[in-house]
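Chemist: Have a look at the structure that comes next, please.
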Amino acid sequence: MDCSQHYKMLKDMEKDPKNLAKYQKMYKYAYLLSDGVFKIVFTEEKSHSLLISLLNAMLDLHGGDAIGEISLEMQEFPGIFNKKNCIVDIIGTTNAGEKVLVEIQQQKDKFFKDRVEYYVSRVIENQVHKSEKFELPHIYFLGLLDFELFPEEEHEYIHHVDEMCHGKKFFPKVQKVFVEIEKFFKLEKLGFTKDDESDAAQWLRAIRVVIKEEPAPEKIMQNETFRRLLESVKLINFAEELFNCEVKKMTDVMAERENAFAEGKEEGFAEGKEEGFAEGRAEGFAEGASAERTKADQEKRQMAKSLKEQNVDVSIIAKSTGFSEEEILSL
């Protein structure tokens with residue numbers, strides 16, 4: 001199940017939670033990159049062996065540098081949106097005392113990079129506060145992305161982002177790694193990654209089986225870790241309650257966007273009205289109102305385009321903006 005199929009399932013479950021059974025017949029796997037599914041698959045296992053394997057592969061850790069054990073920390077305000085204290089999807093400490101942050105990002109967000117810096121800074125602040133000294137542990141940030149963050153790097157799907165000075169890492173204790181999952185799928189389809197036998201590529205091939213609902217290649221099925229992944233992410237394993245929570249989050253976010261748009265529209269109309277009266281001419285008001293209508297229409301189009309880019313169902317966008325589905329598809 002991919003992102004758009006996941007959203008369609010949530011919309012149907014919003015109408016009737018029992019619709020989950022219909023999708024369990026249609027799809028073998030749940031959408032692995034949804035927050036709830038990802039956390040269940042990678043944190044409920046006692047040994048966290050799936051998570052450790054994923055981290056070592058994506059962070060390119062081998063031998064003595066590889067993660068052997070990891071303990072996970074409870075999140076502040078778990079499950080609550082819009083709380084600045086809420087931080088990343090998974091945070092843990094390795095057997096070497098290193099901090100690991102994992103964030104799943106399904107949709108493109110112009111403030112995503114800002115949030116990454118905020119998340120890392122929170123961990124740094126907490127470490128200094130607890131230890132009362134400025135010596136920091138090694139900190140890894142792993143971002144698993146279902147969109148392209150680095151379109152200019154057409155043939156690279158894993159990006160190690162470091163602060164550099166004169167060609168050297170300025171502060172190597174903080175490492176950020178971003179994995180463009182959808183870009184890997186495209187490169188794989190075009191044959192650019194056929195010789196890529198890295199652990200990261202193997203993991204992404206297993207994830208592709210889940211998201212694209214494809215038959216698992218023999219090499220994937222021969223790997224015990226990937227067999228456990230495929231078994232754990234089967235849609236039949238997940239109860240209504242998990243997806244009901246995601247339905248609520250989805251509708252809350254949509255409500256916030258609609259309210260923000262409505263408030264902006266009212267404020268803009270008031271400004272246009274005041275400008276018209278200030279000029280003391282009827283045409284001044286007409287111009288202000290016309291300008292506001294134009295502004296509101298532009299804002300609605302921008303919101304519709306943004307929601308479309310985030311793979312929100314077209315029918316939801318149409319309901320929120322008033323545009324027809326044909327107009328939205330043409331944006």
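A note on labels: chains of the structure tokens are A, B, ... as shown, every chain counts residues from 1, and ligands are counted from 1 in their shown order.
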With a distance cut-off of 10 Å and only C-alpha atoms, select the neighbouring residues of region 104-107 of chain A, excluding the residue or stretch itself and same-chain residues fewer than 6 positions from it, and output the selection as a list in words.

Modeler: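 With the cut-off at 10 Å, the set is Cys3, Leu32, Leu33, Ser34, Asp35, Phe38, Lys39, Val88, Asp89, Ile90, Leu142, Gly143, Leu144, Leu145, Asp146, Phe147, Glu148, Val179, Glu180, Ser306, Leu307, Glu309, Gln310, Asn311 and Val312 of chain A.
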
Chemist: Region 101-192 of chain A near region 59-66 of chain A within 10 Å: what's each residue's closest atom pair and its distance in Å to one decimal, counting only C-alpha atoms, ordered by chain then ascending residue number, as a Markdown table?

Modeler:
| residue | atom | partner | partner_atom | distance |
| --- | --- | --- | --- | --- |
| A:Tyr140 | CA | A:Leu59 | CA | 8.1 |
| A:Phe141 | CA | A:Leu59 | CA | 9.0 |
| A:Leu142 | CA | A:Leu59 | CA | 7.5 |
| A:Ile158 | CA | A:Leu59 | CA | 9.2 |
| A:His159 | CA | A:Leu59 | CA | 9.9 |
| A:His160 | CA | A:Leu59 | CA | 8.6 |
| A:Gln175 | CA | A:Leu59 | CA | 9.0 |
| A:Lys176 | CA | A:Leu59 | CA | 8.9 |
| A:Val177 | CA | A:Leu59 | CA | 6.7 |
| A:Phe178 | CA | A:Leu59 | CA | 9.2 |
| A:Val179 | CA | A:Leu59 | CA | 9.7 |

Chemist: Do you know which residues are at most 6 Å from Gly92 (chain A) counting only C-alpha atoms, after dropping those on the same chain fewer than 3 positions away, and could you put them as a ChimeraX atom specification?

Modeler: /A:71-73,99-100

Chemist: Quick one: write out the picked residues with N, CA, C and O atoms as a tab-separated table (two decimals), in the first residue's frame?

Modeler:
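Saved to out-v1.tsv:
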chain	number	residue	atom	x	y	z
A	71	SER	N	18.34	1.26	23.14
A	71	SER	CA	17.22	1.42	24.07
A	71	SER	C	16.44	2.65	23.62
A	71	SER	O	17.03	3.69	23.29
A	72	LEU	N	15.12	2.51	23.58
A	72	LEU	CA	14.27	3.60	23.08
A	72	LEU	C	13.73	4.43	24.22
A	72	LEU	O	13.51	3.94	25.33
A	73	GLU	N	13.52	5.69	23.95
A	73	GLU	CA	13.04	6.63	24.96
A	73	GLU	C	11.59	6.98	24.71
A	73	GLU	O	11.14	7.03	23.57
A	99	LYS	N	23.29	8.87	20.40
A	99	LYS	CA	21.87	9.19	20.26
A	99	LYS	C	21.46	9.00	18.80
A	99	LYS	O	22.19	9.40	17.88
A	100	VAL	N	20.30	8.39	18.60
A	100	VAL	CA	19.78	8.15	17.25
A	100	VAL	C	18.36	8.70	17.17
A	100	VAL	O	17.51	8.38	18.00

Chemist: What gap, in Å, lies between CA of Ile181 (chain A) and CA of Leu50 (chain A)?

Modeler: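 Distance reported for this atom pair: 17.6 Å.
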
Chemist: Report the closest atom pair, with its distance in Å rounded to one decimal, for each residue of region 15-39 of chain A that has an atom no farther than 8 Å from region 189-212 of chain A; count only C-alpha atoms, sort by chain and then rising residue number, and write it as a Markdown table.

Modeler:
| residue | atom | partner | partner_atom | distance |
| --- | --- | --- | --- | --- |
| A:Tyr29 | CA | A:Val210 | CA | 5.8 |
| A:Ala30 | CA | A:Val210 | CA | 7.6 |
| A:Tyr31 | CA | A:Ile211 | CA | 6.3 |
| A:Leu32 | CA | A:Ile211 | CA | 7.0 |

Chemist: Using the selection just defined, write its residues with N, CA, C and O atoms as a CSV table (one decimal), in the first residue's frame.

Modeler:
chain,number,residue,atom,x,y,z
A,29,TYR,N,-0.2,-5.5,2.4
A,29,TYR,CA,0.6,-4.8,3.4
A,29,TYR,C,0.0,-3.4,3.7
A,29,TYR,O,-0.6,-2.8,2.9
A,30,ALA,N,0.3,-3.0,5.0
A,30,ALA,CA,0.0,-1.6,5.4
A,30,ALA,C,1.0,-0.6,4.8
A,30,ALA,O,2.1,-1.1,4.4
A,31,TYR,N,0.7,0.6,4.9
A,31,TYR,CA,1.6,1.7,4.4
A,31,TYR,C,2.7,1.8,5.5
A,31,TYR,O,2.5,2.4,6.5
A,32,LEU,N,3.8,1.3,5.2
A,32,LEU,CA,4.9,1.2,6.2
A,32,LEU,C,5.4,2.6,6.7
A,32,LEU,O,5.8,2.7,7.8

Chemist: Identify which of the residues A:Lys18, A:Lys28, A:Lys308, A:Arg227 lies closest to Lys108 (chain A), counting only C-alpha atoms when measuring atom-to-atom distances.

Modeler: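 Comparing A:Lys18, A:Lys28, A:Lys308, A:Arg227 against Lys108 (chain A), the winner is A:Lys308.
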
Chemist: Separation of CA of Thr93 (chain A) and CA of Ile70 (chain A), in Å?

Modeler: 5.5 Å

Chemist: Please return, as a PyMOL selection string, all residues of region 13-160 of chain A that DSSP assigns to strand (DSSP E) on the basis of the backbone.

Modeler: chain A and resi 70-72+90-94+99-105+139-145+158-160
